[in-house]
Structure formats: C-alpha cells, structure tokens
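Below you'll find the structure, written out as structure tokens, and then a few comments.
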Amino acid sequence: MERVASKDEARRAAAEARAEGKTIALVPTMGALHEGHLSLVRAACERADYVVVSVFVNPTQFGPGEDFETYPRDLDADLQLLAAEGVDLVFAPSAAVMYAPDASVTVDPGSLASRWEGEIRPGHFVGVATVVTKLLSIVRPDLAYFGEKDYQQLQVVRALVRDLDLGVGVVGRPIVRDRDGLALSSRNARLSPSQRQAALAIPAALEAAAQALAWGEREARALERAMFERLAGVDDLSLDYAVVVDPDTLEPLEQVESGARVLVAARIGDIHLIDNCGLEPPATPVPEGATTRE
Ligand code: PAF
C-alpha cells in the first residue's frame with residue numbers, strides 16, 4: 001500500500017493505475033476508521049482494480065464551535081486497517097496541502113443541502129461539496145463510495161455529481177451498527193458510558209417509527225410523534241430533528257410512501273449524532289388487537 005500526502009503524488013499514482021487500464025474506486029473518509037468505513041473499503045475492493053482511500057479531517061465542513069479540534073484522529077491505526085484490507089493508495093493530505101491560503105472558490109451544494117443538517121450546521125455542505133469535488137478531481141475515480149449513515153450527504157453528493165457532470169458512479173452502502181444498535185460513527189469514540197446509553201434512544205426512536213408503521217400507521221406526523229415520545233426525557237440528549245422525508249427530495253412527507261426515509265439528529269452533550277432508516281409500508285396493515293408482535 002502506498003501512502004501519499006501531496007495532491008500531485010495522488011494524481012500521479014491514480015493516473016498510472018488508469019493508464020494500466022485499472023478501474024479506480026475512491027473511498028473518502030475523515031479517518032478514525034471503524035467497521036462502517038471498512039465495509040465501504042471492502043465493497044470498493046470487490047468492484048475496482050485500484051482502491052484509493054482519502055483520510056482528511058476537512059476543516060471547512062466544521063462550523064465555529066463544532067468539534068473540529070476534538071474530532072478523533074489516529075492515522076497510524078487507520079493505515080494498519082487499510083493495509084490489511086488490501087487498499088492500494090492512501091491519500092492523507094494536510095489542510096495546508098488541500099487548501100491554498102487564498103483559496104476562495106467553493107461549491108454550492110444546491111437545494112438538497114438547505115434543510116436538516118444544512119440548517120443546523122450552516123456551511124457544512126458547502127465544505128463537504130467542495131472537498132468531495134476536489135478529491136474527485138484529484139483522483140478521477142470511476143466509482144466513489146459513501147455510507148448511508150450520512151444519508152443527506154449521500155444525496156447531496158449524488159446531486160453534485162449529476163448536476164456538475166463529474167462522471168463518477170456514486171455508490172451508497174448500508175449503515176453498519178454495533179451490537180446494541182448504535183450506528184457506527186467516529187464520534188461514538190467520544191461518548192462516555194452513560195452518554196452511549198443515552199445515544200441508544202436514537203436507533204430506538206427509528207425502531208418506534210418502524211413499529212408504528214408496521215402496525216398500520218401511515219401519517220408521517222404520527223411516526224414523528226412516536227419518535228419524539230421515545231426521545232423525550234432522555235438525560236443529556238437534545239433532539240435536533242426526527243422527520244419522515246421523501247428519499248430523493250428530502251422534503252417532509254404527509255403520508256408514508258414506499259422507500260420513505262426517517263432522519264434523526266441529536267446532540268448527546270456536545271456530540272452530534274445522526275441516524276436514519278428506510279421505511280416500507282406493509283402490504284396489509286396488521287389489524288388492531290392482533291398479537292403477532294415478537
Ligand atoms: O463523510 C465523511 O467522512 C466526510 O463528510 C467526507 C465525505 C469524507 C468529506 O470530508
């Protein structure tokens with residue numbers, strides 16, 4: 001596995017692979033890698049001949065007062081994990097390498113970025129869209145892999161690639177969860193044991209929405225109420241949003257349709273966690289009073 005820190009080296013290594021006729025996949029990450037990232041890497045290794053992983057905690061996607069300074073970092077551990085997966089190239093630049101001191105051009109992430117994370121983290125998706133565009137233009141992969149845990153980010157990246165004709169296939173991969181149900185996130189490393197207990201209310205709220213749906217509820221507001229009830233009164237948890245949205249436009253739905261997405265974001269202390277799941281209304285709602293629940 002080759003490790004490079006400059007844009008030129010990354011560009012050259014990827015160009016050599018391309019010249020050899022290899023298909024190239026990029027997995028953009030901010031490091032502190034966990035099984036969620038590794039599931040992206042494994043999927044990339046299965047599909048592509050040459051796999052590039054970028055490890056870069058991108059300062060421009062963190063707002064003032066957010067956790068840029070405390071975001072977990074462990075490049076040595078990341079490199080060991082990536083070498084064991086058979087990754088070909090790790091691109092781990094510094095912020096000074098990625099951004100010229102007088103850089104002033106950014107990428108507008110479009111309308112999908114205005115709600116939810118975009119509203120509570122102003123500027124976040126401008127930072128994401130800009131750095132993803134830069135990484136794609138340095139590596140020029142055939143495929144780029146993103147996790148569905150950051151569902152809105154995935155949709156923003158899909159729109160970015162489509163609207164700017166970036167010519168890369170965007171592959172979204174399912175959320176990986178810990179045994180207790182918590183979606184894997186680099187930020188989980190910052191949770192104390194009691195905060196982790198509180199954080200479990202997030203997947204439990206998704207479960208409450210799915211269960212209400214399974215029992216015949218179709219009103220999106222009712223599913224949201226089921227989530228609020230599950231999240232209310234949890235110590236140290238402050239809810240940002242819990243919504244049922246259209247999976248493509250991310251606009252709130254009135255009635256749950258096939259493929260609808262539930263998005264949840266909450267802060268546990270100062271740790272921002274997000275999670276989501278897809279919804280599939282059952283063909284025949286379970287009649288009230290039935291006792292098929294496990
Ligand atoms: O999802 C992430 O880790 C980051 O937002 C990304 C896509 C690597 C851009 O910095």
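Naming scheme: A, B, ... for chains in displayed order of the structure tokens; residues 1 onward per chain; ligands 1 onward as shown.
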Ligand 1 neighbours within 8 Å using only C-alpha atoms and all ligand atoms, as a PyMOL selection string: chain A and resi 27-31+54-58+61+127-129+131-132+146-147+150+153
Kindly export the residues of the current selection with N, CA and C atoms, as an mmCIF file, in the first residue's frame.
data_model
loop_
_atom_site.group_PDB
_atom_site.id
_atom_site.type_symbol
_atom_site.label_atom_id
_atom_site.label_comp_id
_atom_site.auth_asym_id
_atom_site.auth_seq_id
_atom_site.Cartn_x
_atom_site.Cartn_y
_atom_site.Cartn_z
ATOM 1 N N VAL A 27 -12.663 5.970 -1.743
ATOM 2 C CA VAL A 27 -13.467 5.994 -0.518
ATOM 3 C C VAL A 27 -13.009 7.211 0.284
ATOM 4 N N PRO A 28 -13.777 8.315 0.235
ATOM 5 C CA PRO A 28 -13.375 9.496 1.005
ATOM 6 C C PRO A 28 -13.729 9.309 2.481
ATOM 7 N N THR A 29 -12.783 9.563 3.385
ATOM 8 C CA THR A 29 -13.060 9.435 4.828
ATOM 9 C C THR A 29 -12.394 10.581 5.578
ATOM 10 N N MET A 30 -12.806 10.709 6.837
ATOM 11 C CA MET A 30 -12.102 11.642 7.723
ATOM 12 C C MET A 30 -11.312 10.843 8.767
ATOM 13 N N GLY A 31 -11.024 9.571 8.457
ATOM 14 C CA GLY A 31 -10.197 8.772 9.359
ATOM 15 C C GLY A 31 -10.959 8.298 10.585
ATOM 16 N N SER A 54 -9.058 8.278 0.952
ATOM 17 C CA SER A 54 -8.531 9.555 1.447
ATOM 18 C C SER A 54 -8.855 9.660 2.927
ATOM 19 N N VAL A 55 -7.889 10.165 3.676
ATOM 20 C CA VAL A 55 -8.053 10.375 5.123
ATOM 21 C C VAL A 55 -7.749 11.848 5.358
ATOM 22 N N PHE A 56 -8.794 12.610 5.588
ATOM 23 C CA PHE A 56 -8.605 14.062 5.718
ATOM 24 C C PHE A 56 -9.745 14.638 6.545
ATOM 25 N N VAL A 57 -9.418 15.160 7.733
ATOM 26 C CA VAL A 57 -10.441 15.823 8.553
ATOM 27 C C VAL A 57 -10.577 17.233 7.981
ATOM 28 N N ASN A 58 -11.639 17.406 7.225
ATOM 29 C CA ASN A 58 -11.791 18.608 6.395
ATOM 30 C C ASN A 58 -12.282 19.796 7.231
ATOM 31 N N GLN A 61 -15.755 21.876 6.620
ATOM 32 C CA GLN A 61 -17.122 21.386 6.836
ATOM 33 C C GLN A 61 -17.528 21.435 8.308
ATOM 34 N N GLY A 127 -18.739 22.933 2.599
ATOM 35 C CA GLY A 127 -17.436 22.316 2.881
ATOM 36 C C GLY A 127 -17.355 20.910 2.329
ATOM 37 N N VAL A 128 -18.423 20.123 2.508
ATOM 38 C CA VAL A 128 -18.423 18.739 2.006
ATOM 39 C C VAL A 128 -18.368 18.731 0.482
ATOM 40 N N ALA A 129 -19.239 19.534 -0.155
ATOM 41 C CA ALA A 129 -19.302 19.525 -1.627
ATOM 42 C C ALA A 129 -17.971 19.986 -2.213
ATOM 43 N N VAL A 131 -14.863 19.818 -0.795
ATOM 44 C CA VAL A 131 -13.762 18.857 -0.623
ATOM 45 C C VAL A 131 -14.009 17.599 -1.458
ATOM 46 N N VAL A 132 -15.266 17.171 -1.572
ATOM 47 C CA VAL A 132 -15.540 15.970 -2.391
ATOM 48 C C VAL A 132 -15.214 16.277 -3.858
ATOM 49 N N PHE A 146 -19.811 6.022 -0.459
ATOM 50 C CA PHE A 146 -20.260 6.810 0.692
ATOM 51 C C PHE A 146 -21.226 5.971 1.508
ATOM 52 N N GLY A 147 -21.242 6.197 2.835
ATOM 53 C CA GLY A 147 -22.143 5.443 3.711
ATOM 54 C C GLY A 147 -23.515 6.083 3.779
ATOM 55 N N ASP A 150 -24.750 8.887 6.626
ATOM 56 C CA ASP A 150 -24.866 10.307 6.292
ATOM 57 C C ASP A 150 -25.768 10.398 5.058
ATOM 58 N N GLN A 153 -25.917 13.674 3.145
ATOM 59 C CA GLN A 153 -24.641 13.878 2.434
ATOM 60 C C GLN A 153 -24.611 13.042 1.153
#
Got a sec: who's within 12 Å of Ala103 of chain A, counting only C-alpha atoms, leaving out chain neighbours fewer than 6 positions off, as a VMD selection string? chain A and resid 60 95 to 97 130
Taking only C-alpha atoms into account, name the residue in A:Arg221, A:Ala210, A:Met227, A:Ala265 that is nearest to Gly118 of chain A.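 Of A:Arg221, A:Ala210, A:Met227, A:Ala265, the one nearest Gly118 of chain A, counting only C-alpha atoms, is A:Ala265.
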Hey, could you make a per-residue contact list for segment 58-119 of chain A against segment 11-14 of chain A with 10 Å as the cut-off, showing the nearest pair of atoms and its distance in Å to one decimal, counting only C-alpha atoms, sorted by chain and number, as a Markdown table?
| residue | atom | partner | partner_atom | distance |
| --- | --- | --- | --- | --- |
| A:Asp88 | CA | A:Ala13 | CA | 9.5 |
| A:Leu89 | CA | A:Ala13 | CA | 7.8 |
| A:Phe91 | CA | A:Arg11 | CA | 9.7 |
Create the file for the chosen residues now, containing C-alpha atoms and written as a PDB file, in the first residue's frame.
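Wrote selection_24.pdb, looks like this:
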ATOM      1  CA  ASP A  88      -3.686   0.410  -2.976  1.00  0.00           C
ATOM      2  CA  LEU A  89      -3.304   4.091  -2.122  1.00  0.00           C
ATOM      3  CA  PHE A  91      -4.109   9.954   0.330  1.00  0.00           C
TER       4      PHE A  91
END
Residue contacts of Ser39 of chain A (12 Å, only C-alpha atoms) excluding same-chain residues fewer than 3 positions away, as a list in words: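 The residues that qualify are Val27, Leu33, His34, Glu35, Gly36, Arg42, Ala43, Ala44, Cys45, Glu46, Leu81, Leu82, Glu85, Tyr145, Phe146, Gly147, Glu148, Gly172, Arg173, Pro174, Ile175, Val176, Arg177 and Leu184 of chain A.
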Go ahead and save the residues from that selection, with N, CA, C and O atoms, as a tab-separated table (two decimals), in the first residue's frame.
chain	number	residue	atom	x	y	z
A	27	VAL	N	-12.66	5.97	-1.74
A	27	VAL	CA	-13.47	5.99	-0.52
A	27	VAL	C	-13.01	7.21	0.28
A	27	VAL	O	-11.96	7.17	0.94
A	33	LEU	N	-11.07	5.27	11.53
A	33	LEU	CA	-11.86	4.29	10.77
A	33	LEU	C	-12.48	3.22	11.66
A	33	LEU	O	-11.88	2.78	12.64
A	34	HIS	N	-13.69	2.83	11.30
A	34	HIS	CA	-14.40	1.77	12.00
A	34	HIS	C	-14.99	0.81	10.96
A	34	HIS	O	-14.79	1.01	9.75
A	35	GLU	N	-15.74	-0.18	11.43
A	35	GLU	CA	-16.28	-1.20	10.51
A	35	GLU	C	-17.17	-0.58	9.42
A	35	GLU	O	-17.30	-1.15	8.34
A	36	GLY	N	-17.80	0.54	9.71
A	36	GLY	CA	-18.63	1.21	8.69
A	36	GLY	C	-17.76	1.62	7.50
A	36	GLY	O	-18.09	1.34	6.34
A	42	ARG	N	-14.25	-2.55	1.66
A	42	ARG	CA	-14.39	-3.93	1.14
A	42	ARG	C	-15.23	-3.94	-0.13
A	42	ARG	O	-14.89	-4.62	-1.10
A	43	ALA	N	-16.32	-3.17	-0.13
A	43	ALA	CA	-17.17	-3.13	-1.32
A	43	ALA	C	-16.38	-2.54	-2.49
A	43	ALA	O	-16.47	-3.02	-3.63
A	44	ALA	N	-15.56	-1.52	-2.22
A	44	ALA	CA	-14.75	-0.91	-3.28
A	44	ALA	C	-13.72	-1.92	-3.81
A	44	ALA	O	-13.51	-2.02	-5.02
A	45	CYS	N	-13.10	-2.67	-2.90
A	45	CYS	CA	-12.08	-3.64	-3.31
A	45	CYS	C	-12.70	-4.75	-4.17
A	45	CYS	O	-12.04	-5.29	-5.06
A	46	GLU	N	-13.96	-5.08	-3.89
A	46	GLU	CA	-14.62	-6.12	-4.69
A	46	GLU	C	-14.89	-5.66	-6.12
A	46	GLU	O	-14.83	-6.44	-7.05
A	81	LEU	N	-5.25	-0.69	9.36
A	81	LEU	CA	-6.53	-1.29	8.93
A	81	LEU	C	-6.61	-1.32	7.40
A	81	LEU	O	-7.04	-2.31	6.81
A	82	LEU	N	-6.21	-0.23	6.76
A	82	LEU	CA	-6.35	-0.13	5.30
A	82	LEU	C	-5.39	-1.08	4.59
A	82	LEU	O	-5.73	-1.69	3.57
A	85	GLU	N	-6.78	-4.48	4.49
A	85	GLU	CA	-7.89	-4.66	3.53
A	85	GLU	C	-7.41	-4.73	2.09
A	85	GLU	O	-8.19	-4.93	1.18
A	145	TYR	N	-17.39	5.81	-3.03
A	145	TYR	CA	-18.21	5.11	-2.04
A	145	TYR	C	-18.52	5.99	-0.84
A	145	TYR	O	-17.62	6.61	-0.27
A	146	PHE	N	-19.81	6.02	-0.46
A	146	PHE	CA	-20.26	6.81	0.69
A	146	PHE	C	-21.23	5.97	1.51
A	146	PHE	O	-21.99	5.16	0.96
A	147	GLY	N	-21.24	6.20	2.83
A	147	GLY	CA	-22.14	5.44	3.71
A	147	GLY	C	-23.52	6.08	3.78
A	147	GLY	O	-23.64	7.31	3.74
A	148	GLU	N	-24.54	5.23	3.92
A	148	GLU	CA	-25.90	5.75	4.05
A	148	GLU	C	-26.15	6.36	5.42
A	148	GLU	O	-27.19	6.96	5.63
A	172	GLY	N	-23.77	4.12	-2.73
A	172	GLY	CA	-24.15	4.26	-1.32
A	172	GLY	C	-24.21	2.88	-0.69
A	172	GLY	O	-24.67	1.93	-1.32
A	173	ARG	N	-23.71	2.77	0.52
A	173	ARG	CA	-23.68	1.46	1.20
A	173	ARG	C	-24.41	1.53	2.54
A	173	ARG	O	-24.41	2.58	3.19
A	174	PRO	N	-25.02	0.40	2.94
A	174	PRO	CA	-25.86	0.41	4.16
A	174	PRO	C	-25.10	0.78	5.44
A	174	PRO	O	-23.89	0.57	5.54
A	175	ILE	N	-25.88	1.28	6.39
A	175	ILE	CA	-25.35	1.62	7.71
A	175	ILE	C	-24.85	0.35	8.40
A	175	ILE	O	-25.50	-0.69	8.31
A	176	VAL	N	-23.73	0.46	9.08
A	176	VAL	CA	-23.26	-0.66	9.92
A	176	VAL	C	-23.51	-0.26	11.37
A	176	VAL	O	-23.21	0.86	11.77
A	177	ARG	N	-24.13	-1.18	12.13
A	177	ARG	CA	-24.48	-0.88	13.52
A	177	ARG	C	-23.68	-1.75	14.48
A	177	ARG	O	-23.30	-2.88	14.15
A	184	LEU	N	-22.56	2.97	13.63
A	184	LEU	CA	-21.13	3.25	13.83
A	184	LEU	C	-20.82	4.65	13.32
A	184	LEU	O	-21.27	5.06	12.25
I'd like the neighbourhood of Ala48 of chain A as a ChimeraX atom specification, where a residue qualifies if any of its atoms comes within 10 Å (using only C-alpha atoms), though same-chain residues fewer than 3 positions away should be ignored. /A:22-26,43-45,51-52,141-143
Using N, CA and C atoms, can you write the selected residues to a file as a PDB file, in the first residue's frame?
ATOM      1  N   LYS A  22      -6.787   0.013 -15.212  1.00  0.00           N
ATOM      2  CA  LYS A  22      -7.479  -0.412 -13.984  1.00  0.00           C
ATOM      3  C   LYS A  22      -8.686   0.484 -13.713  1.00  0.00           C
ATOM      4  N   THR A  23      -9.749  -0.130 -13.170  1.00  0.00           N
ATOM      5  CA  THR A  23     -10.865   0.702 -12.680  1.00  0.00           C
ATOM      6  C   THR A  23     -10.484   1.186 -11.286  1.00  0.00           C
ATOM      7  N   ILE A  24     -10.858   2.444 -11.016  1.00  0.00           N
ATOM      8  CA  ILE A  24     -10.420   3.079  -9.764  1.00  0.00           C
ATOM      9  C   ILE A  24     -11.631   3.411  -8.907  1.00  0.00           C
ATOM     10  N   ALA A  25     -11.521   3.072  -7.615  1.00  0.00           N
ATOM     11  CA  ALA A  25     -12.570   3.466  -6.662  1.00  0.00           C
ATOM     12  C   ALA A  25     -11.948   4.362  -5.600  1.00  0.00           C
ATOM     13  N   LEU A  26     -12.710   5.377  -5.201  1.00  0.00           N
ATOM     14  CA  LEU A  26     -12.277   6.267  -4.117  1.00  0.00           C
ATOM     15  C   LEU A  26     -13.229   6.104  -2.937  1.00  0.00           C
ATOM     16  N   ALA A  43     -16.319  -3.167  -0.126  1.00  0.00           N
ATOM     17  CA  ALA A  43     -17.171  -3.128  -1.324  1.00  0.00           C
ATOM     18  C   ALA A  43     -16.375  -2.543  -2.494  1.00  0.00           C
ATOM     19  N   ALA A  44     -15.556  -1.524  -2.219  1.00  0.00           N
ATOM     20  CA  ALA A  44     -14.747  -0.912  -3.279  1.00  0.00           C
ATOM     21  C   ALA A  44     -13.724  -1.916  -3.811  1.00  0.00           C
ATOM     22  N   CYS A  45     -13.100  -2.670  -2.896  1.00  0.00           N
ATOM     23  CA  CYS A  45     -12.076  -3.645  -3.313  1.00  0.00           C
ATOM     24  C   CYS A  45     -12.698  -4.750  -4.171  1.00  0.00           C
ATOM     25  N   VAL A  51      -7.887   0.735  -5.419  1.00  0.00           N
ATOM     26  CA  VAL A  51      -8.721   1.418  -4.417  1.00  0.00           C
ATOM     27  C   VAL A  51      -7.913   2.494  -3.688  1.00  0.00           C
ATOM     28  N   VAL A  52      -8.457   3.696  -3.721  1.00  0.00           N
ATOM     29  CA  VAL A  52      -7.839   4.843  -3.055  1.00  0.00           C
ATOM     30  C   VAL A  52      -8.721   5.217  -1.871  1.00  0.00           C
ATOM     31  N   PRO A 141     -11.747   9.009  -9.956  1.00  0.00           N
ATOM     32  CA  PRO A 141     -12.135   7.589  -9.871  1.00  0.00           C
ATOM     33  C   PRO A 141     -13.295   7.274 -10.805  1.00  0.00           C
ATOM     34  N   ASP A 142     -13.493   5.983 -11.064  1.00  0.00           N
ATOM     35  CA  ASP A 142     -14.703   5.533 -11.772  1.00  0.00           C
ATOM     36  C   ASP A 142     -15.869   5.472 -10.794  1.00  0.00           C
ATOM     37  N   LEU A 143     -15.558   5.097  -9.547  1.00  0.00           N
ATOM     38  CA  LEU A 143     -16.592   4.913  -8.525  1.00  0.00           C
ATOM     39  C   LEU A 143     -16.173   5.618  -7.241  1.00  0.00           C
TER      40      LEU A 143
END
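If only C-alpha atoms are the atoms counted, then among A:Gly123, A:Gly110, A:Gly216, A:Gly167 the closest residue to Ala144 of chain A is A:Gly167.
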Might you pull out every residue within 9 Å of Asp248 of chain A, with only C-alpha atoms counted and same-chain residues fewer than 3 positions away left off, and present them as number ranges by chain? A: 112, 155, 245, 251, 260
Fewer than 3 positions away in the same chain doesn't count, so skip those; otherwise give me all residues within 12 Å of segment 256-259 of chain A, counting only C-alpha atoms, as JSON, numbers by chain. {"A": [209, 210, 212, 213, 214, 216, 217, 218, 219, 220, 221, 222, 223, 224, 243, 244, 245, 246, 247, 248, 250, 252, 253, 262, 277, 278, 279, 280, 281, 282, 283]}
A:Ala242, A:Ala84, A:Ile268, A:Met98 ranked by distance to Trp116 of chain A, top pick (using only C-alpha atoms): A:Ala242
Measuring atom to atom with only C-alpha atoms, identify which of A:Ala32, A:Ala113, A:Val234, A:Val168 is nearest to Arg196 of chain A.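 Residue with the minimum atom-to-atom distance to Arg196 of chain A: A:Val234.
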Could you go through segment 173-278 of chain A and tell me which residues DSSP, when run on the backbone, assigns to strand (DSSP E), listing them as an NGL selection string? :A and (173 or 237-245 or 261-268 or 271-278)
Please, which residues of segment 24-186 of chain A, numbered as in this document, come out helix (DSSP H, G or I) from DSSP, as a PyMOL selection string? chain A and resi 35-47+59-61+75-85+95-98+111-113+117-120+124-139+148-163+186
